[in-house]
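Asker: Attaching a single structure in structure tokens format; questions to follow.
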Amino acid sequence: MAYYLNSEAHLDPGPIYVRENGQLHMVNLALDGVKNSLQKPRPFRLFPKGFSVELCMNREDDTAQKEKTDHFIFTYTREGNLRYSAKSLFSLVLGFISDNVDHIDSLIGFPEQIAEKLFSAAEARQKFTEPGAGLRALQKFTEAYGSLVLCSLCLRNRYLVVAEKLEEIKSFRELTRLDLSCCWLGDEHELLEHLTNEALSSVTQLHLKDNCLSDAGIRKMTAPVRVMKRGLENLALLDLSCNPEITDAGIGYLFSFRKLNCLDISGTGLKDIKAVKDKLRANIGLVHSKVPLKEFDHSNCKTEGWADQIVLQWERVSVEAVRQRKDVEPRKAAQYFYQNRARTEVTRKCPLAETHMNSSGKLQFYREEAPDCHEPLLSQESKKSKKRAFKESEQEQSSPQSAKQKCVCLAVEDWDLLNSY
């Protein structure tokens, strides 16, 4: 009782009665100190007296103070007064999980609508740019949602992103479009080997323009399709332009892409172009286009999905990391990461990208009956000649000599390559 009367942080309780000898008596509160405390109760404060929004914004390192104000939304009224309101429980829980998103065990079976909001919250906090933790968090989303995270990825001329975030890029699954133009991968790059993985069997459009590829790289990329009927078996569009080390022999490995509708081999090291045209038409039904195809103007391939802004964050982080290396130029840094042989400035430039080429210089092919290609139908005579070419190719394939040659080709090179996987 005495403790309550002497306390200063209480409100007016009203009359107080005490039972004594079986009778109720009202306590005399005429004491000056008690009376003053009852007449002037201390108001209840949600925040300290010296609290202000400006002070909280300037004290970013004070985590304790940040936790006190993180649960509220501050706005200003028309009169200029500060007004605060409590955040919803869903927003508080979402923020907490996004701060610790790398500790999630699994998201399989979790609702997609909630997962998208969680992904956006983690992206706003730039959790996916953190080394180690960002990769673990991204893998949880890609394992559970696949193409929703990213269905199309454009890394054209972003060789620094490929170097810095290679493992993150390899974590994407169920991609349908992939643009790796002007990334200077080379035949031995780890990402080129990853293209044959089952996780990327859904890719239908692949752009590998200006990547220093040769016949060895094409053979390595097509080996799973040719031997085991797996890998890039659904590929419908392929861009191999500006790779001068690809010769006539390398084009022969592309015959395993039976679903290929559009092909660009401009700027390659072909010797007998007429023979290559005839082989492409006879084996996979591709004819040479007299006008440039719109499928190869690089306008259709864009980064689409939940992680479209993450790629931009990776690019900013990669550029900033290169700028901090004052003694290393960006291109030399990219060569160091890729572990490729040194290239001169002449080979780095894409000849077809800098100079305008007429339609005769383009080596772009399309399938006549393909709905995606916009070329007009050819005449009836060309159709008949095409059918005759197919019949001749079938007869050649049915002959025992051609079958024996195919077996020999697979036994020597391809099986050794497959054993290295």
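Chain labels A, B, ... are given in the sequence in which chains occur in the structure tokens; within each chain residues are numbered consecutively from 1, and ligands are likewise numbered from 1 in the order shown.
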Please provide as a PyMOL selection string all residues within 10 Å of Phe128 of chain A, with the sequence filter that same-chain residues fewer than 2 positions apart are discarded (counting only C-alpha atoms).
Answerer: chain A and resi 101-102+119+122-126+130-138+168+307+310-311+313-314
Asker: Out of A:Leu280, A:Thr129, A:Gln139, A:Leu260, which residue has the shortest atom-to-atom distance to Glu164 of chain A when counting only C-alpha atoms?
Answerer: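 Ranking A:Leu280, A:Thr129, A:Gln139, A:Leu260 by distance to Glu164 of chain A, first place goes to A:Thr129.
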Asker: When you count only C-alpha atoms, which of these residues is closest to Leu363 of chain A: A:Lys274, A:Lys127, A:Arg325, A:Arg19?
Answerer: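 Result for the nearest residue to Leu363 of chain A: A:Lys274.
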Asker: Got a sec: who's within 10 Å of Thr75 of chain A, counting only C-alpha atoms, leaving out chain neighbours fewer than 5 positions off, as a list in words?
Answerer: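 Selected residues are Gly80, Asn81, Leu82, Arg83, Tyr84 and Ser85 of chain A.
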Asker: Suppose we keep all heavy atoms; can you now write the selection as a JSON list (two decimals), in the first residue's frame?
Answerer:
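After the write, result.json holds the following:
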[["chain", "number", "residue", "atom", "x", "y", "z"],
["A", 80, "GLY", "N", 1.01, 18.81, -41.45],
["A", 80, "GLY", "CA", 2.44, 18.70, -41.18],
["A", 80, "GLY", "C", 2.77, 17.95, -39.91],
["A", 80, "GLY", "O", 3.93, 17.91, -39.50],
["A", 81, "ASN", "N", 1.78, 17.35, -39.27],
["A", 81, "ASN", "CA", 2.01, 16.60, -38.05],
["A", 81, "ASN", "C", 2.45, 15.17, -38.38],
["A", 81, "ASN", "O", 2.01, 14.58, -39.37],
["A", 81, "ASN", "CB", 0.74, 16.57, -37.20],
["A", 81, "ASN", "CG", 0.31, 17.97, -36.79],
["A", 81, "ASN", "OD1", 1.15, 18.83, -36.55],
["A", 81, "ASN", "ND2", -1.00, 18.20, -36.71],
["A", 82, "LEU", "N", 3.32, 14.64, -37.52],
["A", 82, "LEU", "CA", 3.81, 13.28, -37.70],
["A", 82, "LEU", "C", 2.79, 12.29, -37.17],
["A", 82, "LEU", "O", 2.29, 12.42, -36.06],
["A", 82, "LEU", "CB", 5.14, 13.10, -36.98],
["A", 82, "LEU", "CG", 5.78, 11.71, -37.08],
["A", 82, "LEU", "CD1", 6.18, 11.42, -38.52],
["A", 82, "LEU", "CD2", 7.01, 11.63, -36.17],
["A", 83, "ARG", "N", 2.49, 11.29, -37.97],
["A", 83, "ARG", "CA", 1.54, 10.27, -37.57],
["A", 83, "ARG", "C", 2.17, 8.90, -37.78],
["A", 83, "ARG", "O", 2.81, 8.67, -38.79],
["A", 83, "ARG", "CB", 0.25, 10.38, -38.38],
["A", 83, "ARG", "CG", -0.83, 9.37, -37.99],
["A", 83, "ARG", "CD", -2.09, 9.58, -38.80],
["A", 83, "ARG", "NE", -1.83, 9.41, -40.23],
["A", 83, "ARG", "CZ", -2.76, 9.64, -41.16],
["A", 83, "ARG", "NH1", -3.96, 10.08, -40.83],
["A", 83, "ARG", "NH2", -2.46, 9.46, -42.44],
["A", 84, "TYR", "N", 1.98, 8.03, -36.83],
["A", 84, "TYR", "CA", 2.54, 6.69, -36.94],
["A", 84, "TYR", "C", 1.42, 5.68, -36.77],
["A", 84, "TYR", "O", 0.43, 5.91, -36.07],
["A", 84, "TYR", "CB", 3.63, 6.46, -35.89],
["A", 84, "TYR", "CG", 3.19, 6.70, -34.47],
["A", 84, "TYR", "CD1", 2.58, 5.69, -33.72],
["A", 84, "TYR", "CD2", 3.40, 7.94, -33.86],
["A", 84, "TYR", "CE1", 2.18, 5.92, -32.42],
["A", 84, "TYR", "CE2", 3.00, 8.16, -32.56],
["A", 84, "TYR", "CZ", 2.40, 7.15, -31.84],
["A", 84, "TYR", "OH", 2.00, 7.37, -30.55],
["A", 85, "SER", "N", 1.60, 4.55, -37.46],
["A", 85, "SER", "CA", 0.65, 3.44, -37.36],
["A", 85, "SER", "C", 1.43, 2.13, -37.35],
["A", 85, "SER", "O", 2.50, 2.03, -37.96],
["A", 85, "SER", "CB", -0.33, 3.47, -38.53],
["A", 85, "SER", "OG", 0.36, 3.39, -39.77]]
Asker: Neighbours of Gly186 of chain A within 8 Å (only C-alpha atoms; same-chain residues fewer than 3 positions away dropped), as a PyMOL selection string?
Answerer: chain A and resi 189+211-214+217+340
Asker: Those selected residues, please, written with N, CA and C atoms and delivered as a PDB file, in the first residue's frame.
Answerer:
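So part.pdb came out as:
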ATOM      1  N   HIS A 189      34.982 -23.392 -70.766  1.00  0.00           N
ATOM      2  CA  HIS A 189      34.324 -22.690 -69.663  1.00  0.00           C
ATOM      3  C   HIS A 189      33.319 -23.603 -68.965  1.00  0.00           C
ATOM      4  N   ASN A 211      31.740 -15.862 -78.662  1.00  0.00           N
ATOM      5  CA  ASN A 211      32.168 -16.518 -77.431  1.00  0.00           C
ATOM      6  C   ASN A 211      33.430 -17.342 -77.615  1.00  0.00           C
ATOM      7  N   CYS A 212      34.174 -17.088 -78.699  1.00  0.00           N
ATOM      8  CA  CYS A 212      35.455 -17.772 -78.937  1.00  0.00           C
ATOM      9  C   CYS A 212      35.290 -19.291 -78.942  1.00  0.00           C
ATOM     10  N   LEU A 213      34.202 -19.749 -79.535  1.00  0.00           N
ATOM     11  CA  LEU A 213      33.947 -21.184 -79.615  1.00  0.00           C
ATOM     12  C   LEU A 213      34.600 -21.767 -80.862  1.00  0.00           C
ATOM     13  N   SER A 214      34.933 -23.053 -80.774  1.00  0.00           N
ATOM     14  CA  SER A 214      35.507 -23.782 -81.902  1.00  0.00           C
ATOM     15  C   SER A 214      34.735 -25.084 -82.083  1.00  0.00           C
ATOM     16  N   GLY A 217      34.276 -27.063 -78.836  1.00  0.00           N
ATOM     17  CA  GLY A 217      33.207 -26.624 -77.957  1.00  0.00           C
ATOM     18  C   GLY A 217      31.842 -27.069 -78.447  1.00  0.00           C
ATOM     19  N   ASN A 340      41.013 -18.093 -69.584  1.00  0.00           N
ATOM     20  CA  ASN A 340      41.183 -18.342 -71.012  1.00  0.00           C
ATOM     21  C   ASN A 340      42.541 -17.824 -71.466  1.00  0.00           C
TER      22      ASN A 340
END
Asker: Please provide as a VMD selection string all residues within 9 Å of Leu155 of chain A, with the sequence filter that same-chain residues fewer than 3 positions apart are discarded (counting only C-alpha atoms).
Answerer: chain A and resid 158 to 159 161 to 162 178 to 183 302 to 303 311
Asker: Would you please work out which residue, of A:Lys170, A:Lys117, A:Arg177, A:Lys140, is nearest to Ser152 of chain A when using only C-alpha atoms?
Answerer: A:Arg177
Asker: Report as a PyMOL selection string: the residues of segment 129-373 of chain A with a DSSP assignment of helix (DSSP H, G or I), based on the backbone of this structure.
Answerer: chain A and resi 129+133-148+159-164+166-170+190-194+198-200+215-228+248-256+273-284+294-296+308-324+330-338+345-348+351-354+359-361
